[in-house]
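K.L.:
Structure file model17.txt (compact mmCIF, C-alpha atoms) right here:
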```txt
# COMPACT_ATOMS: atom_id res chain seq x y z
CA MET A 24 0.00 0.00 0.00
CA SER A 25 1.16 3.56 -0.63
CA TYR A 26 0.12 6.47 1.52
CA GLY A 27 2.40 9.03 -0.09
CA ALA A 28 6.08 9.94 0.14
CA THR A 29 6.29 11.53 3.60
CA PHE A 30 4.69 8.73 5.59
CA PRO A 31 7.38 6.11 4.80
CA LEU A 32 10.08 8.56 5.87
CA TRP A 33 8.37 9.26 9.18
CA ARG A 34 7.64 5.56 9.68
CA ASP A 35 11.30 4.66 9.12
CA ALA A 36 12.41 7.44 11.46
CA ALA A 37 10.22 5.95 14.21
CA GLY A 38 12.45 2.85 14.21
CA GLU A 39 11.40 -0.10 16.36
CA ALA A 40 8.47 1.83 17.79
CA TRP A 41 6.58 1.32 14.53
CA ALA A 42 6.80 -2.47 14.71
CA ASP A 43 5.96 -2.34 18.44
CA TYR A 44 2.76 -0.54 17.42
CA THR A 45 1.66 -2.29 14.25
CA ARG A 46 2.58 -5.80 15.45
CA HIS A 47 1.63 -5.39 19.08
CA ALA A 48 0.29 -8.42 20.95
CA PHE A 49 -3.14 -6.75 20.93
CA VAL A 50 -3.06 -6.55 17.12
CA GLU A 51 -1.85 -10.11 16.74
CA GLY A 52 -4.58 -11.24 19.13
CA MET A 53 -7.16 -9.75 16.78
CA ARG A 54 -5.46 -11.50 13.85
CA ASP A 55 -5.64 -14.99 15.35
CA GLY A 56 -8.71 -14.49 17.55
CA THR A 57 -6.93 -14.99 20.88
CA LEU A 58 -7.50 -11.45 22.14
CA PRO A 59 -9.70 -11.62 25.27
CA ARG A 60 -13.11 -10.08 24.60
CA GLU A 61 -13.02 -7.96 27.75
CA GLY A 62 -9.75 -6.41 26.59
CA PHE A 63 -11.23 -5.60 23.20
CA LEU A 64 -14.31 -3.98 24.75
CA ARG A 65 -12.18 -1.90 27.09
CA TYR A 66 -10.19 -0.76 24.07
CA LEU A 67 -13.36 0.04 22.10
CA VAL A 68 -14.79 2.19 24.89
CA GLN A 69 -11.53 4.10 25.24
CA ASP A 70 -11.12 4.37 21.47
CA TYR A 71 -14.59 5.91 21.22
CA LEU A 72 -13.44 8.62 23.64
CA PHE A 73 -10.19 8.88 21.71
CA LEU A 74 -12.07 9.50 18.48
CA VAL A 75 -14.02 12.33 20.09
CA HIS A 76 -10.75 14.13 20.82
CA PHE A 77 -9.25 13.01 17.52
CA SER A 78 -12.17 14.65 15.71
CA ARG A 79 -11.48 17.84 17.65
CA ALA A 80 -7.85 17.67 16.59
CA TRP A 81 -8.82 17.37 12.93
CA ALA A 82 -11.22 20.27 13.41
CA LEU A 83 -8.29 22.23 14.86
CA ALA A 84 -6.38 21.39 11.68
CA VAL A 85 -9.02 23.31 9.72
CA THR A 86 -8.04 26.43 11.65
CA LYS A 87 -4.32 25.74 11.13
CA ALA A 88 -4.68 25.17 7.38
CA GLU A 89 -3.29 27.61 4.84
CA THR A 90 -5.38 26.67 1.81
CA LEU A 91 -8.98 25.80 1.05
CA ASP A 92 -7.88 22.35 -0.14
CA GLU A 93 -6.32 21.68 3.28
CA MET A 94 -9.45 22.94 5.03
CA ARG A 95 -11.72 20.73 2.91
CA ALA A 96 -9.56 17.64 3.45
CA CYS A 97 -9.48 18.11 7.22
CA ALA A 98 -13.22 18.81 7.39
CA ALA A 99 -13.91 15.65 5.38
CA THR A 100 -11.81 13.64 7.84
CA VAL A 101 -13.82 15.02 10.77
CA GLN A 102 -17.01 13.87 9.06
CA ALA A 103 -15.58 10.41 8.35
CA LEU A 104 -14.57 10.00 12.00
CA LEU A 105 -17.89 11.16 13.44
CA ASP A 106 -20.22 9.52 10.93
CA GLU A 107 -18.38 6.36 9.92
CA GLU A 108 -15.53 5.16 12.13
CA MET A 109 -17.34 5.75 15.43
CA ARG A 110 -20.29 3.68 14.16
CA LEU A 111 -18.22 0.48 14.57
CA HIS A 112 -17.67 1.25 18.23
CA VAL A 113 -21.31 2.13 18.88
CA GLU A 114 -22.70 -0.96 17.12
CA THR A 115 -20.22 -3.41 18.67
CA CYS A 116 -20.69 -2.04 22.17
CA ALA A 117 -24.48 -1.93 21.78
CA ALA A 118 -24.41 -5.67 21.07
CA GLU A 119 -22.67 -6.05 24.44
CA GLY A 120 -25.23 -3.91 26.25
CA ILE A 121 -23.16 -0.70 26.31
CA THR A 122 -25.11 2.33 25.05
CA GLU A 123 -23.61 5.31 23.23
CA ALA A 124 -24.50 7.50 26.21
CA GLN A 125 -22.45 5.18 28.41
CA LEU A 126 -19.58 5.34 25.93
CA PHE A 127 -19.54 9.13 25.94
CA ALA A 128 -19.73 9.22 29.75
CA ALA A 129 -16.99 6.63 30.30
CA ARG A 130 -13.95 7.60 32.35
CA GLU A 131 -10.82 8.18 30.27
CA ALA A 132 -7.86 5.93 30.99
CA PRO A 133 -4.51 7.65 31.66
CA ALA A 134 -3.06 6.28 28.39
CA ASN A 135 -5.96 7.83 26.53
CA ILE A 136 -5.51 11.20 28.23
CA ALA A 137 -1.77 11.16 27.51
CA TYR A 138 -2.23 10.43 23.82
CA THR A 139 -5.16 12.69 23.00
CA ARG A 140 -3.79 15.68 24.89
CA TYR A 141 -0.41 15.22 23.24
CA VAL A 142 -2.00 15.41 19.80
CA LEU A 143 -4.08 18.46 20.72
CA ASP A 144 -1.07 20.16 22.25
CA ALA A 145 0.92 19.51 19.08
CA GLY A 146 -1.75 21.43 17.20
CA HIS A 147 -2.16 24.26 19.69
CA SER A 148 1.56 24.84 20.27
CA GLY A 149 2.74 24.06 16.74
CA ASP A 150 1.55 24.56 13.20
CA PHE A 151 -0.27 22.43 10.63
CA LEU A 152 2.72 20.13 10.06
CA ASP A 153 3.21 19.50 13.79
CA LEU A 154 -0.42 18.45 14.00
CA MET A 155 -0.22 16.23 10.92
CA ALA A 156 2.85 14.45 12.29
CA ALA A 157 1.04 13.75 15.55
CA LEU A 158 -2.16 12.59 13.79
CA ALA A 159 -0.54 10.41 11.12
CA PRO A 160 0.40 7.31 13.17
CA CYS A 161 -3.22 6.63 14.06
CA VAL A 162 -4.80 7.25 10.66
CA LEU A 163 -2.15 5.61 8.53
CA GLY A 164 -1.08 2.98 11.04
CA TYR A 165 -4.63 1.62 11.29
CA GLY A 166 -4.76 1.50 7.50
CA GLU A 167 -1.55 -0.49 7.39
CA ILE A 168 -2.70 -2.82 10.18
CA GLY A 169 -6.13 -3.34 8.64
CA ALA A 170 -4.70 -4.19 5.21
CA ARG A 171 -2.21 -6.67 6.67
CA LEU A 172 -4.70 -8.41 8.92
CA ALA A 173 -7.22 -8.71 6.09
CA ALA A 174 -4.59 -10.55 4.08
CA GLU A 175 -3.38 -12.75 6.93
CA ALA A 176 -6.30 -13.40 9.29
CA GLU A 177 -8.79 -16.22 9.15
CA GLN A 178 -12.35 -15.61 10.36
CA THR A 179 -12.01 -14.26 13.89
CA PRO A 180 -14.31 -12.52 16.40
CA TYR A 181 -12.60 -9.31 15.28
CA SER A 182 -13.31 -9.61 11.57
CA ASP A 183 -15.60 -6.55 11.66
CA TRP A 184 -12.82 -4.40 13.10
CA ILE A 185 -10.37 -5.70 10.50
CA ALA A 186 -12.85 -5.15 7.67
CA THR A 187 -13.45 -1.54 8.74
CA TYR A 188 -9.79 -0.57 8.42
CA ALA A 189 -9.12 -2.74 5.38
CA SER A 190 -12.15 -1.35 3.55
CA ALA A 191 -11.85 0.59 0.32
CA ASP A 192 -13.35 3.64 2.04
CA TYR A 193 -10.80 3.66 4.86
CA GLN A 194 -7.89 2.90 2.54
CA ARG A 195 -9.00 5.81 0.35
CA THR A 196 -9.03 8.03 3.45
CA CYS A 197 -5.45 6.97 4.17
CA LYS A 198 -4.35 7.80 0.64
CA ASP A 199 -6.08 11.17 0.86
CA VAL A 200 -4.41 11.95 4.18
CA GLY A 201 -1.05 10.86 2.78
CA ALA A 202 -1.52 13.20 -0.18
CA LEU A 203 -2.59 16.00 2.15
CA ILE A 204 0.58 15.56 4.21
CA ASP A 205 2.81 15.43 1.12
CA ALA A 206 1.33 18.65 -0.25
CA ALA A 207 1.55 20.39 3.13
CA VAL A 208 5.19 19.38 3.55
CA ALA A 209 6.10 20.53 0.03
CA ARG A 210 4.28 23.83 0.53
CA ARG A 211 6.02 24.63 3.81
CA LEU A 212 9.41 22.90 3.58
CA GLY A 213 10.10 22.83 -0.16
CA PRO A 214 11.22 19.98 -2.43
CA LEU A 215 13.87 18.67 0.01
CA PRO A 216 12.05 18.55 3.35
CA GLU A 217 14.65 16.33 4.99
CA ASP A 218 17.14 19.19 4.67
CA SER A 219 14.88 21.51 6.64
CA PRO A 220 15.85 22.28 10.25
CA ARG A 221 12.24 21.45 11.14
CA TRP A 222 12.44 17.88 9.87
CA PRO A 223 13.87 16.25 13.04
CA ARG A 224 11.11 17.80 15.15
CA LEU A 225 8.42 16.47 12.85
CA CYS A 226 9.96 13.00 12.95
CA ALA A 227 10.04 13.24 16.75
CA ARG A 228 6.37 14.21 16.80
CA PHE A 229 5.51 11.16 14.73
CA GLU A 230 7.67 8.85 16.85
CA THR A 231 6.17 10.09 20.10
CA ALA A 232 2.63 9.58 18.83
CA THR A 233 3.63 6.08 17.71
CA ARG A 234 4.88 5.23 21.21
CA LEU A 235 1.61 6.50 22.63
CA GLU A 236 -0.20 4.13 20.27
CA VAL A 237 1.79 1.27 21.79
CA ASP A 238 0.63 2.33 25.24
CA PHE A 239 -2.96 2.47 23.97
CA TRP A 240 -2.86 -1.18 22.89
CA ALA A 241 -1.27 -2.12 26.22
CA MET A 242 -4.14 -0.43 28.02
CA GLY A 243 -6.54 -2.84 26.29
CA LEU A 244 -4.50 -5.86 27.33
CA SER A 245 -4.44 -4.67 30.95
CA ALA A 246 -8.21 -5.08 31.25
```
Let me see whether you can do it: turn the structure in this file into structure tokens.
P.N.:
Amino acid sequence: MSYGATFPLWRDAAGEAWADYTRHAFVEGMRDGTLPREGFLRYLVQDYLFLVHFSRAWALAVTKAETLDEMRACAATVQALLDEEMRLHVETCAAEGITEAQLFAAREAPANIAYTRYVLDAGHSGDFLDLMAALAPCVLGYGEIGARLAAEAEQTPYSDWIATYASADYQRTCKDVGALIDAAVARRLGPLPEDSPRWPRLCARFETATRLEVDFWAMGLSA
């Protein structure tokens, strides 16, 4: 799969943290069906709350954008999160007797607070690129994980989750976000972004968000 030119550079710069995230025991448990159900439900509840803040971060990106194309792309992502991705969480939890009102009122886990506030702070204290670097591991990492698990997994209790992130709609979102990032980097850093003095900070933003993803999976396993 290809999500643009910038994403592979940031992914490589994250080093071992990327494999720790995308091949975490939680992920592999979804692949082979061994993930305990209570751990998955704990993750889903927390991920619902995460997506609320994630949507706010993408809305913040609209205010940080410099072009109408950037504003439209970020606004479209907010809509996809609120109207599409969160539906999986609501429907799965409803089948387990957890209402959407209960999801919204759930208490945030420390790992969730750490991750979501880091992303929002990246946007408030930095610019559009800082925010994109902090947002990218979730959007594009889930696309990579979903595509791999769809190719490798047999029928498991988590097939719906896998199908959501392997779907053509979600993969198209990943490609659109990758293109958005590439254009934003070229616009602000020029044709050789790796030569920019800002590049190491953007890589660090991406790597930190990736490590926070690892902690998010671990939170599910601690249930």
K.L.:
Which residues of segment 41-94 of chain A have any atom within 9 Å of an atom in segment 192-215 of chain A when counting all atoms listed in the file, and what is the closest pair of atoms for each, with the distance in Å to one decimal? Order the rows by chain and rising number and write it as a Markdown table.
P.N.:
```
| residue | atom | partner | partner_atom | distance |
| --- | --- | --- | --- | --- |
| A:Ala88 | CA | A:Ala207 | CA | 8.9 |
| A:Glu89 | CA | A:Ala207 | CA | 8.9 |
| A:Asp92 | CA | A:Leu203 | CA | 8.6 |
| A:Glu93 | CA | A:Leu203 | CA | 6.9 |
```
K.L.:
Quote the spacing between atom CA of Met94 of chain A and atom CA of Asp153 of chain A in Å to one decimal place.
P.N.:
15.8 Å
K.L.:
Between A:Ser219, A:Thr45, A:Trp240, A:Ala37, which residue has the minimum interatomic distance to Leu163 of chain A, considering all atoms listed in the file?
P.N.:
A:Thr45
K.L.:
Residues of segment 31-68 of chain A that have any atom at most 8 Å from an atom of segment 228-235 of chain A: could you tabulate them with the shortest-distance atom pair and the distance in Å to one decimal, using only C-alpha atoms, ordered by chain and increasing number, as a Markdown table?
P.N.:
```
| residue | atom | partner | partner_atom | distance |
| --- | --- | --- | --- | --- |
| A:Trp33 | CA | A:Phe229 | CA | 6.5 |
| A:Arg34 | CA | A:Phe229 | CA | 7.8 |
| A:Ala36 | CA | A:Glu230 | CA | 7.3 |
| A:Ala37 | CA | A:Glu230 | CA | 4.7 |
| A:Ala40 | CA | A:Arg234 | CA | 6.0 |
| A:Trp41 | CA | A:Thr233 | CA | 6.4 |
| A:Tyr44 | CA | A:Thr233 | CA | 6.7 |
```
K.L.:
Using all atoms listed in the file, which of the listed residues (A:Tyr188, A:Tyr26, A:Glu51, A:Asp43) sits closest to Glu175 of chain A?
P.N.:
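Result for the nearest residue to Glu175 of chain A: A:Glu51.
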K.L.:
Could you check which of A:Ala132, A:Met242, A:Leu58, A:Cys116 is closest to Thr179 of chain A, using all atoms listed in the file?
P.N.:
A:Leu58
K.L.:
Quote the spacing between atom CA of Tyr141 of chain A and atom CA of Arg110 of chain A in Å to one decimal place.
P.N.:
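According to the coordinates, atom CA of Tyr141 of chain A and atom CA of Arg110 of chain A are separated by 24.7 Å.
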K.L.:
Between atom CA of Pro220 of chain A and atom CA of Ala145 of chain A, measure the distance and give it in Å to one decimal.
P.N.:
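Atom-to-atom, atom CA of Pro220 of chain A and atom CA of Ala145 of chain A are spaced 17.6 Å apart.
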K.L.:
Fewer than 6 positions away in the same chain doesn't count, so skip those; otherwise give me all residues within 12 Å of Trp81 of chain A, counting only C-alpha atoms, as a PyMOL selection string.
P.N.:
chain A and resi 74-75+87-88+93-105+139+142-143+145-147+151+154-155+157-159+162+200
K.L.:
In terms of the shortest atom-to-atom distance over all atoms listed in the file, which of A:Ala156, A:Ile121, A:Gly38, A:Pro59 is closest to Trp222 of chain A?
P.N.:
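Comparing A:Ala156, A:Ile121, A:Gly38, A:Pro59 against Trp222 of chain A, the winner is A:Ala156.
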K.L.:
Can you work out which one of A:Leu172, A:Ala227, A:Ala82, A:Val237 has the shortest atom-to-atom distance to Gly56 of chain A, counting only C-alpha atoms?
P.N.:
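Among A:Leu172, A:Ala227, A:Ala82, A:Val237, it is A:Leu172 that comes nearest to Gly56 of chain A.
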K.L.:
Using only C-alpha atoms, which residue out of A:Ala129, A:Ala241, A:Ala42, A:Leu111 lies closest to Pro160 of chain A?
P.N.:
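Distance minimum relative to Pro160 of chain A lands on A:Ala42.
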